[in-house]
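Structure file data-v6.txt with compact mmCIF, C-alpha atoms and all ligand atoms:
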```txt
# COMPACT_ATOMS: atom_id res chain seq x y z
CA MET E 1 -0.78 53.48 21.37
CA ILE E 2 -1.65 51.86 24.69
CA PRO E 3 -4.21 53.90 26.62
CA LEU E 4 -4.57 53.96 30.38
CA VAL E 5 -8.10 52.59 30.04
CA ASP E 6 -10.11 51.58 26.96
CA LEU E 7 -13.84 51.93 27.54
CA THR E 8 -14.81 51.03 23.99
CA ALA E 9 -13.06 47.65 24.29
CA GLN E 10 -15.39 46.76 27.15
CA TYR E 11 -18.43 47.97 25.23
CA HIS E 12 -17.52 45.84 22.23
CA SER E 13 -17.00 42.78 24.42
CA ILE E 14 -20.67 42.89 25.54
CA LYS E 15 -22.19 45.06 22.80
CA LYS E 16 -25.33 42.96 22.31
CA GLU E 17 -26.28 43.10 25.98
CA ILE E 18 -25.60 46.84 26.24
CA ASP E 19 -27.44 47.70 23.04
CA ALA E 20 -30.46 45.66 24.15
CA ALA E 21 -30.45 47.40 27.54
CA VAL E 22 -30.29 50.86 25.95
CA LEU E 23 -33.00 50.11 23.37
CA SER E 24 -35.38 48.63 25.91
CA THR E 25 -34.95 51.73 28.07
CA LEU E 26 -35.80 53.93 25.09
CA GLU E 27 -38.93 51.86 24.45
CA SER E 28 -39.94 51.89 28.13
CA GLY E 29 -40.48 55.64 28.23
CA HIS E 30 -39.30 55.60 31.83
CA PHE E 31 -36.07 57.55 32.34
CA ILE E 32 -35.68 58.70 35.94
CA LEU E 33 -35.83 56.06 38.70
CA GLY E 34 -38.67 53.58 38.04
CA PRO E 35 -38.57 49.76 37.76
CA THR E 36 -35.18 49.52 35.99
CA VAL E 37 -33.48 51.50 38.75
CA SER E 38 -35.31 49.56 41.51
CA LYS E 39 -34.23 46.27 39.98
CA PHE E 40 -30.62 47.44 39.75
CA GLU E 41 -30.74 48.63 43.37
CA GLU E 42 -31.89 45.15 44.44
CA SER E 43 -29.09 43.56 42.43
CA ILE E 44 -26.49 45.83 44.02
CA ALA E 45 -27.81 45.19 47.53
CA SER E 46 -27.69 41.47 46.98
CA TYR E 47 -24.20 41.57 45.40
CA LEU E 48 -22.79 43.56 48.32
CA GLY E 49 -24.75 41.66 50.95
CA VAL E 50 -26.64 44.65 52.37
CA LYS E 51 -30.32 45.39 52.95
CA HIS E 52 -30.66 48.61 50.97
CA ALA E 53 -29.05 50.16 47.89
CA ILE E 54 -30.10 53.58 46.59
CA GLY E 55 -29.09 54.77 43.15
CA LEU E 56 -27.80 58.34 42.94
CA ALA E 57 -26.42 60.72 40.33
CA SER E 58 -22.74 60.34 41.33
CA GLY E 59 -20.29 59.08 43.92
CA THR E 60 -19.76 62.66 45.05
CA ASP E 61 -23.48 62.99 45.79
CA ALA E 62 -23.32 59.64 47.58
CA LEU E 63 -20.81 61.07 50.07
CA VAL E 64 -22.86 64.26 50.55
CA ILE E 65 -26.13 62.38 51.04
CA ALA E 66 -24.51 59.87 53.42
CA MET E 67 -23.22 62.69 55.62
CA ARG E 68 -26.52 64.58 55.48
CA ALA E 69 -28.37 61.42 56.52
CA LEU E 70 -26.05 61.07 59.51
CA ASN E 71 -26.70 64.72 60.46
CA ILE E 72 -23.10 65.73 59.87
CA GLY E 73 -22.78 69.47 59.30
CA ALA E 74 -21.44 72.75 60.63
CA GLY E 75 -19.16 72.42 63.64
CA ASP E 76 -18.50 68.71 63.03
CA GLU E 77 -15.23 67.04 62.12
CA VAL E 78 -14.82 64.06 59.83
CA ILE E 79 -11.64 61.99 59.70
CA ILE E 80 -10.41 61.11 56.22
CA PRO E 81 -7.14 59.87 54.72
CA ALA E 82 -4.64 62.53 53.62
CA TYR E 83 -4.28 60.83 50.25
CA THR E 84 -7.49 60.48 48.23
CA PHE E 85 -9.47 61.96 45.37
CA PHE E 86 -10.46 65.49 46.34
CA ALA E 87 -14.19 64.62 46.49
CA THR E 88 -13.71 62.84 49.82
CA ALA E 89 -12.52 66.11 51.38
CA GLY E 90 -14.70 68.40 49.26
CA THR E 91 -17.94 66.69 50.24
CA VAL E 92 -17.10 66.98 53.95
CA MET E 93 -16.69 70.72 53.37
CA SER E 94 -19.81 71.01 51.25
CA VAL E 95 -21.99 69.74 54.13
CA GLY E 96 -20.33 72.38 56.31
CA ALA E 97 -18.03 70.10 58.30
CA LYS E 98 -14.23 70.08 58.62
CA PRO E 99 -12.06 67.35 57.11
CA VAL E 100 -9.42 66.13 59.53
CA PHE E 101 -6.66 64.33 57.70
CA VAL E 102 -4.72 61.26 58.77
CA ASP E 103 -1.60 60.18 56.90
CA VAL E 104 -1.60 56.95 54.89
CA ASP E 105 0.35 53.73 55.09
CA PRO E 106 3.11 54.31 52.49
CA GLN E 107 2.78 50.78 51.07
CA SER E 108 -0.96 50.16 50.85
CA TYR E 109 -1.89 53.88 50.53
CA GLN E 110 -4.76 53.25 52.99
CA ILE E 111 -5.50 55.39 56.04
CA ASP E 112 -2.94 54.61 58.76
CA VAL E 113 -5.20 53.23 61.50
CA SER E 114 -2.55 53.76 64.18
CA ARG E 115 -2.89 57.54 63.75
CA ILE E 116 -6.67 57.86 63.95
CA LYS E 117 -7.17 58.04 67.74
CA ALA E 118 -4.80 60.99 68.10
CA VAL E 119 -7.02 63.27 65.98
CA ILE E 120 -10.38 62.44 67.57
CA THR E 121 -11.96 65.43 69.35
CA PRO E 122 -15.40 65.99 70.91
CA ARG E 123 -16.46 67.35 67.49
CA THR E 124 -15.53 64.23 65.55
CA LYS E 125 -18.61 62.59 64.05
CA ALA E 126 -17.37 60.10 61.49
CA ILE E 127 -14.47 58.35 59.81
CA ILE E 128 -14.42 57.92 56.04
CA PRO E 129 -11.97 55.21 55.02
CA VAL E 130 -11.29 55.28 51.27
CA HIS E 131 -10.52 51.91 49.70
CA LEU E 132 -8.03 53.67 47.47
CA TYR E 133 -7.03 52.08 44.15
CA GLY E 134 -9.29 49.09 44.95
CA HIS E 135 -7.29 47.92 47.98
CA PRO E 136 -9.45 47.48 51.10
CA SER E 137 -8.68 49.69 54.10
CA GLU E 138 -8.02 47.96 57.42
CA MET E 139 -11.62 47.95 58.61
CA ASP E 140 -11.57 46.06 61.94
CA PRO E 141 -9.49 48.64 63.83
CA ILE E 142 -11.47 51.45 62.18
CA LEU E 143 -14.80 49.94 63.24
CA GLU E 144 -13.42 49.27 66.73
CA ILE E 145 -12.24 52.88 67.19
CA ALA E 146 -15.60 54.10 65.85
CA ARG E 147 -17.47 51.94 68.36
CA GLU E 148 -15.31 53.13 71.26
CA HIS E 149 -15.78 56.80 70.38
CA ASN E 150 -19.35 56.63 69.10
CA LEU E 151 -18.40 57.64 65.55
CA LYS E 152 -20.05 56.63 62.28
CA VAL E 153 -18.13 54.92 59.50
CA ILE E 154 -18.86 55.89 55.90
CA GLU E 155 -16.89 53.85 53.37
CA ASP E 156 -15.75 55.62 50.22
CA ASN E 157 -15.98 52.56 48.01
CA ALA E 158 -15.81 54.49 44.73
CA GLN E 159 -12.63 52.70 43.61
CA ALA E 160 -13.27 49.28 45.11
CA PHE E 161 -16.49 47.75 43.78
CA GLY E 162 -16.14 44.00 44.39
CA ALA E 163 -13.18 44.26 46.78
CA GLU E 164 -13.33 42.27 50.01
CA TYR E 165 -12.18 42.72 53.57
CA LYS E 166 -11.88 39.38 55.40
CA GLY E 167 -14.39 37.81 53.02
CA LYS E 168 -16.95 40.64 53.18
CA LYS E 169 -17.55 43.12 50.39
CA THR E 170 -16.14 46.57 51.02
CA GLY E 171 -18.94 49.13 51.23
CA SER E 172 -21.00 46.78 53.41
CA LEU E 173 -18.95 47.17 56.60
CA GLY E 174 -19.70 50.68 57.90
CA GLU E 175 -23.02 52.47 58.51
CA ILE E 176 -23.08 53.58 54.88
CA GLY E 177 -21.08 52.61 51.79
CA CYS E 178 -20.69 55.07 48.92
CA LEU E 179 -20.42 53.88 45.33
CA SER E 180 -19.44 55.59 42.10
CA PHE E 181 -20.35 54.34 38.64
CA PHE E 182 -18.21 56.94 36.84
CA PRO E 183 -17.28 55.35 33.48
CA THR E 184 -13.70 54.44 34.43
CA LYS E 185 -14.57 52.84 37.78
CA ASN E 186 -14.53 49.03 38.02
CA LEU E 187 -18.30 48.98 37.48
CA GLY E 188 -18.78 51.97 35.21
CA ALA E 189 -21.82 53.50 33.53
CA PHE E 190 -21.87 55.44 30.25
CA GLY E 191 -22.22 58.68 32.14
CA ASP E 192 -22.27 59.72 35.78
CA GLY E 193 -23.84 57.51 38.42
CA GLY E 194 -23.44 56.52 42.04
CA GLY E 195 -25.19 55.01 45.01
CA VAL E 196 -25.29 54.43 48.74
CA VAL E 197 -25.79 51.15 50.58
CA THR E 198 -26.80 50.49 54.17
CA ASP E 199 -28.38 47.89 56.45
CA ASP E 200 -30.22 50.58 58.42
CA ASP E 201 -33.88 51.07 57.45
CA ALA E 202 -34.14 54.61 58.81
CA LEU E 203 -30.95 55.77 57.09
CA ALA E 204 -32.14 54.21 53.84
CA GLU E 205 -35.44 56.07 54.05
CA ARG E 206 -33.69 59.36 54.82
CA MET E 207 -31.29 58.94 51.88
CA ARG E 208 -34.19 58.13 49.52
CA MET E 209 -35.83 61.35 50.62
CA LEU E 210 -32.63 63.36 50.25
CA ARG E 211 -32.12 62.24 46.66
CA THR E 212 -35.47 63.80 45.65
CA HIS E 213 -35.89 67.18 47.32
CA GLY E 214 -36.51 65.74 50.79
CA TRP E 215 -39.83 64.26 49.71
CA LYS E 216 -41.51 61.49 51.68
CA LYS E 217 -44.68 62.13 49.71
CA LYS E 218 -44.34 63.69 46.25
CA TYR E 219 -44.11 67.53 46.40
CA TYR E 220 -44.17 67.57 50.22
CA SER E 221 -40.58 68.36 51.20
CA GLU E 222 -39.70 67.45 54.77
CA GLU E 223 -36.21 68.93 54.48
CA VAL E 224 -33.95 70.47 51.85
CA GLY E 225 -32.68 67.68 49.64
CA TYR E 226 -31.17 67.29 46.18
CA ASN E 227 -31.97 66.18 42.70
CA SER E 228 -29.60 63.24 42.64
CA ARG E 229 -31.06 60.22 40.94
CA LEU E 230 -29.57 57.41 38.95
CA ASP E 231 -31.26 57.47 35.58
CA ALA E 232 -32.87 54.40 34.08
CA MET E 233 -30.51 54.31 31.08
CA GLN E 234 -27.46 54.04 33.31
CA ALA E 235 -29.19 51.52 35.58
CA ALA E 236 -30.02 49.33 32.56
CA ILE E 237 -26.42 49.50 31.35
CA LEU E 238 -25.04 48.76 34.80
CA GLN E 239 -27.48 45.85 35.21
CA ALA E 240 -26.09 44.38 31.99
CA LYS E 241 -22.53 44.86 33.23
CA LEU E 242 -22.99 43.54 36.78
CA PRO E 243 -22.87 39.82 35.87
CA HIS E 244 -19.37 40.43 34.43
CA ILE E 245 -17.85 42.31 37.34
CA ASP E 246 -16.27 39.33 39.09
CA ALA E 247 -14.58 38.16 35.89
CA TRP E 248 -13.41 41.71 35.14
CA ASN E 249 -12.01 42.12 38.65
CA ASP E 250 -10.32 38.70 38.40
CA ARG E 251 -8.72 39.79 35.15
CA ARG E 252 -7.55 43.07 36.75
CA ARG E 253 -5.95 41.00 39.51
CA GLU E 254 -4.36 38.58 37.06
CA LEU E 255 -2.87 41.38 34.94
CA SER E 256 -1.69 43.22 38.05
CA HIS E 257 0.08 40.15 39.41
CA ARG E 258 1.67 39.73 36.00
CA TYR E 259 2.90 43.36 36.08
CA THR E 260 4.29 42.86 39.58
CA GLU E 261 6.19 39.72 38.56
CA LYS E 262 7.62 41.26 35.42
CA LEU E 263 8.60 44.53 37.08
CA ILE E 264 10.40 42.84 39.97
CA SER E 265 13.84 43.98 38.80
CA SER E 266 12.70 47.35 37.45
CA GLY E 267 13.44 49.30 40.61
CA LEU E 268 9.84 50.50 40.67
CA VAL E 269 7.92 49.98 43.87
CA THR E 270 4.95 47.77 42.97
CA PRO E 271 1.62 47.47 44.86
CA VAL E 272 1.18 45.37 48.00
CA GLU E 273 -1.82 43.25 48.97
CA ARG E 274 -2.48 43.09 52.70
CA GLU E 275 -3.51 39.69 54.05
CA TRP E 276 -6.91 40.98 55.13
CA GLY E 277 -8.33 41.69 51.73
CA ARG E 278 -9.01 41.14 48.09
CA HIS E 279 -7.59 44.00 46.05
CA VAL E 280 -9.54 44.74 42.85
CA TYR E 281 -6.94 47.00 41.24
CA HIS E 282 -9.03 49.94 40.13
CA LEU E 283 -5.58 51.30 39.31
CA TYR E 284 -2.17 49.65 39.06
CA ILE E 285 0.02 52.11 40.94
CA VAL E 286 3.82 52.12 40.94
CA ARG E 287 6.22 54.45 42.65
CA SER E 288 9.49 55.95 41.47
CA SER E 289 11.60 58.96 42.37
CA LYS E 290 12.13 59.37 38.59
CA ARG E 291 8.45 59.63 37.77
CA VAL E 292 8.67 62.60 35.42
CA GLU E 293 11.41 61.01 33.27
CA LEU E 294 9.69 57.65 33.21
CA GLN E 295 6.32 59.07 32.20
CA SER E 296 7.81 61.07 29.35
CA PHE E 297 9.90 58.08 28.23
CA LEU E 298 6.72 55.94 28.12
CA LYS E 299 4.77 58.69 26.38
CA ASP E 300 7.37 58.80 23.59
CA ARG E 301 6.71 55.08 23.09
CA GLY E 302 2.94 55.59 22.86
CA ILE E 303 2.28 54.27 26.36
CA ALA E 304 -0.09 56.25 28.55
CA SER E 305 0.40 56.71 32.29
CA GLU E 306 -1.25 59.06 34.76
CA VAL E 307 -0.80 60.49 38.24
CA TYR E 308 -3.54 59.78 40.84
CA TYR E 309 -3.23 62.32 42.48
CA PRO E 310 -0.60 65.03 42.09
CA LEU E 311 -1.90 67.11 45.01
CA PRO E 312 -3.02 65.73 48.37
CA PRO E 313 -6.30 67.39 49.45
CA HIS E 314 -4.82 69.17 52.49
CA LEU E 315 -2.67 71.26 50.12
CA ALA E 316 -5.51 72.10 47.73
CA VAL E 317 -6.84 75.67 47.55
CA PRO E 318 -10.20 75.01 49.32
CA CYS E 319 -8.35 73.59 52.35
CA ARG E 320 -5.92 76.48 52.77
CA HIS E 321 -7.88 78.17 55.54
CA PHE E 322 -7.50 75.09 57.77
CA GLY E 323 -3.82 75.94 58.08
CA TYR E 324 -2.37 72.67 56.87
CA LYS E 325 1.07 72.98 55.31
CA GLU E 326 3.60 71.00 53.36
CA GLY E 327 5.24 68.40 55.58
CA ASP E 328 2.09 67.71 57.64
CA PHE E 329 1.44 64.34 55.98
CA PRO E 330 4.76 63.15 54.57
CA HIS E 331 3.55 59.78 53.25
CA ALA E 332 0.64 61.36 51.38
CA GLU E 333 2.90 64.07 49.97
CA LYS E 334 5.56 61.57 48.92
CA ALA E 335 2.90 59.43 47.23
CA ALA E 336 1.64 62.51 45.37
CA ASN E 337 5.19 63.16 44.15
CA GLU E 338 6.23 59.64 43.22
CA THR E 339 3.29 57.43 42.29
CA PHE E 340 1.67 56.92 38.91
CA ALA E 341 -0.64 54.44 37.20
CA LEU E 342 0.28 52.11 34.34
CA PRO E 343 -2.34 51.03 31.76
CA LEU E 344 -4.78 48.56 33.28
CA TYR E 345 -8.26 47.43 32.29
CA PRO E 346 -9.78 43.98 31.93
CA GLU E 347 -9.50 44.00 28.12
CA LEU E 348 -5.78 44.87 28.10
CA THR E 349 -4.00 42.07 26.23
CA GLU E 350 -0.86 40.38 27.46
CA SER E 351 1.05 41.55 24.41
CA GLN E 352 0.03 45.15 25.13
CA GLN E 353 1.08 44.65 28.71
CA ASP E 354 4.42 43.22 27.55
CA GLU E 355 4.96 46.41 25.57
CA VAL E 356 4.38 48.50 28.68
CA VAL E 357 6.78 46.30 30.65
CA ALA E 358 9.40 46.51 27.90
CA GLY E 359 9.10 50.29 27.92
CA VAL E 360 9.59 50.48 31.67
CA MET E 361 12.49 48.02 31.64
CA GLU E 362 14.22 49.82 28.79
CA MET E 363 14.53 52.89 30.94
CA THR E 364 15.02 51.37 34.38
CA GLY E 365 16.54 47.92 33.81
C1 LIG T 401 -14.51 58.71 41.76
C2 LIG T 401 -14.38 58.97 43.20
C3 LIG T 401 -15.35 59.70 43.92
C4 LIG T 401 -16.45 60.48 43.28
O1 LIG T 401 -17.25 59.77 42.42
P1 LIG T 401 -17.98 60.52 41.19
O2 LIG T 401 -18.97 59.49 40.74
O3 LIG T 401 -16.96 60.84 40.18
O4 LIG T 401 -18.66 61.71 41.74
C5 LIG T 401 -15.20 59.82 45.29
N1 LIG T 401 -14.17 59.26 45.93
C6 LIG T 401 -13.22 58.57 45.28
C7 LIG T 401 -12.10 57.96 46.05
C8 LIG T 401 -13.29 58.41 43.89
O5 LIG T 401 -12.32 57.74 43.25
```

In structure tokens, what does this structure look like?
Amino acid sequence: MIPLVDLTAQYHSIKKEIDAAVLSTLESGHFILGPTVSKFEESIASYLGVKHAIGLASGTDALVIAMRALNIGAGDEVIIPAYTFFATAGTVMSVGAKPVFVDVDPQSYQIDVSRIKAVITPRTKAIIPVHLYGHPSEMDPILEIAREHNLKVIEDNAQAFGAEYKGKKTGSLGEIGCLSFFPTKNLGAFGDGGGVVTDDDALAERMRMLRTHGWKKKYYSEEVGYNSRLDAMQAAILQAKLPHIDAWNDRRRELSHRYTEKLISSGLVTPVEREWGRHVYHLYIVRSSKRVELQSFLKDRGIASEVYYPLPPHLAVPCRHFGYKEGDFPHAEKAANETFALPLYPELTESQQDEVVAGVMEMTG
């Protein structure tokens, strides 16, 4: 059986460090925020090359708190890619704003920057590029359009921790970068976790307030906030994992390149890497018009695969009232119908990978 991801394999590879981190948190008696979380926030800020990092309860909360800090709410529009995890669209709606979708580049699956200007209106407040699958979005044109139209850029970096755009870490390029430490993400906790990063002192202060009930001073709320804090246990675990992230991402890249080489004659469309960035392969995504048959063929051989995502957000139930319909974003819809992920995680062995390749080739070759 070859799983899509194997979280226990990673735990066992650094068990001593993780166990020590967990036990020292138990002994510390400090479980919400505190010195362990502060230390981790400093480590994240320094890794990403930004001034401030703020640990939160999830990547979803990171998006909400980023938009709240930028005063995005009712009556505002936010431009997002038409192909992403639903949270990108859902959080725009949960702050009261309207998601405005832009189709994706059918090869990189990133927001198609040539289509952004056409959807800007006087209500547009921000653009949220999503570095989907770990591939960096094309940031320079996005930042340029934002500057011209006085829009904010919030990066959804949930899938791309450690990725780079022209030598700079993704998440550090817009006003705010949003992180997720969901267990399967490239830097994953043993539970939910997330964070925001920014170079802006005032935004950082506002986001720190928002994560704890809008408090500047304890119990004195200045606005309605949230309870959205990274807990010390997760911070300790993530701190132990952080020194390994570059090696893990390198290994994801190495295995992905190996897949791409070996699948060259499979007929599957394999991932691209644009010249502007370093792809960190959160997922290894292939495309086939025979997805259903291929997935069931692999399943019969004990090989997992998974669709990310079967439904583009504009066709999801909560978006119905916006009046979007099938055919509005053909590249996103086609990706939803044809793409799927093959097993990939840093601890995947080459012989396991060869089994996956053999399975695919048996059906397609
Ligand atoms: C995982 C993910 C999120 C949400 O992160 P959670 O920590 O699960 O709340 C947001 N956007 C994208 C693109 C994601 O992949």

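The smallest atom-to-atom distance between ligand LIG 401 (chain T) and any of E:Thr212, E:Ser180, E:Gln110, E:Ser24, using all atoms listed in the file, is found for E:Ser180.
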
Mind giving me the axis-aligned box for ligand LIG 401 (chain T) with 3 Å on every side, centre plus edges in Å to one decimal, as JSON?
```
{"center_x": -15.5, "center_y": 59.7, "center_z": 43.1, "size_x": 12.9, "size_y": 10.0, "size_z": 11.9}
```

Could you please extract the residues within 10 Å of ligand LIG 401 (chain T), counting only C-alpha atoms and all ligand atoms, and hand them back as a count of residues only? 46

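The interatomic distance for the pair atom CA of Gly177 of chain E and atom CA of Leu7 of chain E works out to 25.3 Å.
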
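Picture a line from atom CA of Pro99 of chain E to atom CA of Gly73 of chain E; it runs 11.1 Å.
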
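Rounded to one decimal, atom CA of Val153 of chain E and atom CA of Leu311 of chain E lie 24.9 Å from each other.
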
Nearest to Lys39 of chain E among E:Ile80, E:Glu222, E:Val280, E:Ala236, with distances taken over only C-alpha atoms: which residue is it? E:Ala236

Extract, using only C-alpha atoms, all DNA, RNA and protein residues at most 9 Å from segment 142-149 of chain E, discarding same-chain residues fewer than 4 positions from it, and format them as a PyMOL selection string. chain E and resi 113+116-117+120+124+126-127+129+137-138+153+173-174

Working from the structure I just supplied, which lacks atoms in segment 155-178 of chain E, can you model N, CA, C and O atoms there and output them as a short mmCIF file (atom, residue, chain, number, x, y, z; two decimals), in the frame of the given file?
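The resulting file, selection33.cif, is reproduced below:
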```cif
data_model
loop_
_atom_site.label_atom_id
_atom_site.label_comp_id
_atom_site.auth_asym_id
_atom_site.auth_seq_id
_atom_site.Cartn_x
_atom_site.Cartn_y
_atom_site.Cartn_z
N GLU E 155 -17.96 54.34 54.25
CA GLU E 155 -16.89 53.85 53.37
C GLU E 155 -16.96 54.55 52.01
O GLU E 155 -18.01 54.54 51.37
N ASP E 156 -15.84 55.11 51.59
CA ASP E 156 -15.75 55.62 50.22
C ASP E 156 -15.27 54.46 49.37
O ASP E 156 -14.08 54.16 49.28
N ASN E 157 -16.26 53.78 48.77
CA ASN E 157 -15.98 52.56 48.01
C ASN E 157 -15.94 52.83 46.50
O ASN E 157 -16.08 51.92 45.69
N ALA E 158 -15.74 54.10 46.14
CA ALA E 158 -15.81 54.49 44.73
C ALA E 158 -14.83 53.70 43.86
O ALA E 158 -15.11 53.41 42.70
N GLN E 159 -13.67 53.36 44.43
CA GLN E 159 -12.63 52.70 43.61
C GLN E 159 -12.57 51.19 43.86
O GLN E 159 -11.67 50.54 43.35
N ALA E 160 -13.48 50.66 44.65
CA ALA E 160 -13.27 49.28 45.11
C ALA E 160 -14.50 48.39 44.97
O ALA E 160 -14.70 47.48 45.77
N PHE E 161 -15.30 48.59 43.93
CA PHE E 161 -16.49 47.75 43.78
C PHE E 161 -16.07 46.29 43.56
O PHE E 161 -15.39 45.97 42.60
N GLY E 162 -16.49 45.42 44.49
CA GLY E 162 -16.14 44.00 44.39
C GLY E 162 -14.97 43.60 45.26
O GLY E 162 -14.68 42.42 45.42
N ALA E 163 -14.28 44.58 45.87
CA ALA E 163 -13.18 44.26 46.78
C ALA E 163 -13.74 43.65 48.06
O ALA E 163 -14.92 43.81 48.38
N GLU E 164 -12.88 42.90 48.78
CA GLU E 164 -13.33 42.27 50.01
C GLU E 164 -12.37 42.53 51.14
O GLU E 164 -11.15 42.61 50.94
N TYR E 165 -12.96 42.66 52.34
CA TYR E 165 -12.18 42.72 53.57
C TYR E 165 -12.57 41.50 54.39
O TYR E 165 -13.74 41.34 54.75
N LYS E 166 -11.62 40.62 54.66
CA LYS E 166 -11.88 39.38 55.40
C LYS E 166 -13.15 38.68 54.91
O LYS E 166 -14.02 38.29 55.70
N GLY E 167 -13.27 38.57 53.60
CA GLY E 167 -14.39 37.81 53.02
C GLY E 167 -15.68 38.59 52.86
O GLY E 167 -16.65 38.08 52.30
N LYS E 168 -15.73 39.83 53.36
CA LYS E 168 -16.95 40.64 53.18
C LYS E 168 -16.69 41.76 52.19
O LYS E 168 -15.60 42.34 52.17
N LYS E 169 -17.71 42.08 51.40
CA LYS E 169 -17.55 43.12 50.39
C LYS E 169 -17.31 44.48 51.04
O LYS E 169 -18.03 44.86 51.98
N THR E 170 -16.33 45.20 50.54
CA THR E 170 -16.14 46.57 51.02
C THR E 170 -17.38 47.39 50.61
O THR E 170 -18.01 47.11 49.58
N GLY E 171 -17.72 48.36 51.44
CA GLY E 171 -18.94 49.13 51.23
C GLY E 171 -20.06 48.63 52.13
O GLY E 171 -21.00 49.36 52.42
N SER E 172 -19.93 47.37 52.59
CA SER E 172 -21.00 46.78 53.41
C SER E 172 -20.64 46.77 54.89
O SER E 172 -21.36 46.23 55.71
N LEU E 173 -19.48 47.37 55.24
CA LEU E 173 -18.95 47.17 56.60
C LEU E 173 -19.26 48.32 57.56
O LEU E 173 -19.36 48.12 58.76
N GLY E 174 -19.39 49.53 57.04
CA GLY E 174 -19.70 50.68 57.90
C GLY E 174 -21.20 50.94 57.93
O GLY E 174 -22.00 50.13 57.45
N GLU E 175 -21.59 52.10 58.49
CA GLU E 175 -23.02 52.47 58.51
C GLU E 175 -23.53 52.64 57.08
O GLU E 175 -24.62 52.23 56.75
N ILE E 176 -22.69 53.31 56.26
CA ILE E 176 -23.08 53.58 54.88
C ILE E 176 -21.87 53.35 53.96
O ILE E 176 -20.75 53.71 54.31
N GLY E 177 -22.12 52.76 52.81
CA GLY E 177 -21.08 52.61 51.79
C GLY E 177 -21.44 53.47 50.60
O GLY E 177 -22.60 53.53 50.19
N CYS E 178 -20.45 54.18 50.05
CA CYS E 178 -20.69 55.07 48.92
C CYS E 178 -20.07 54.49 47.66
O CYS E 178 -18.91 54.08 47.66
#
```
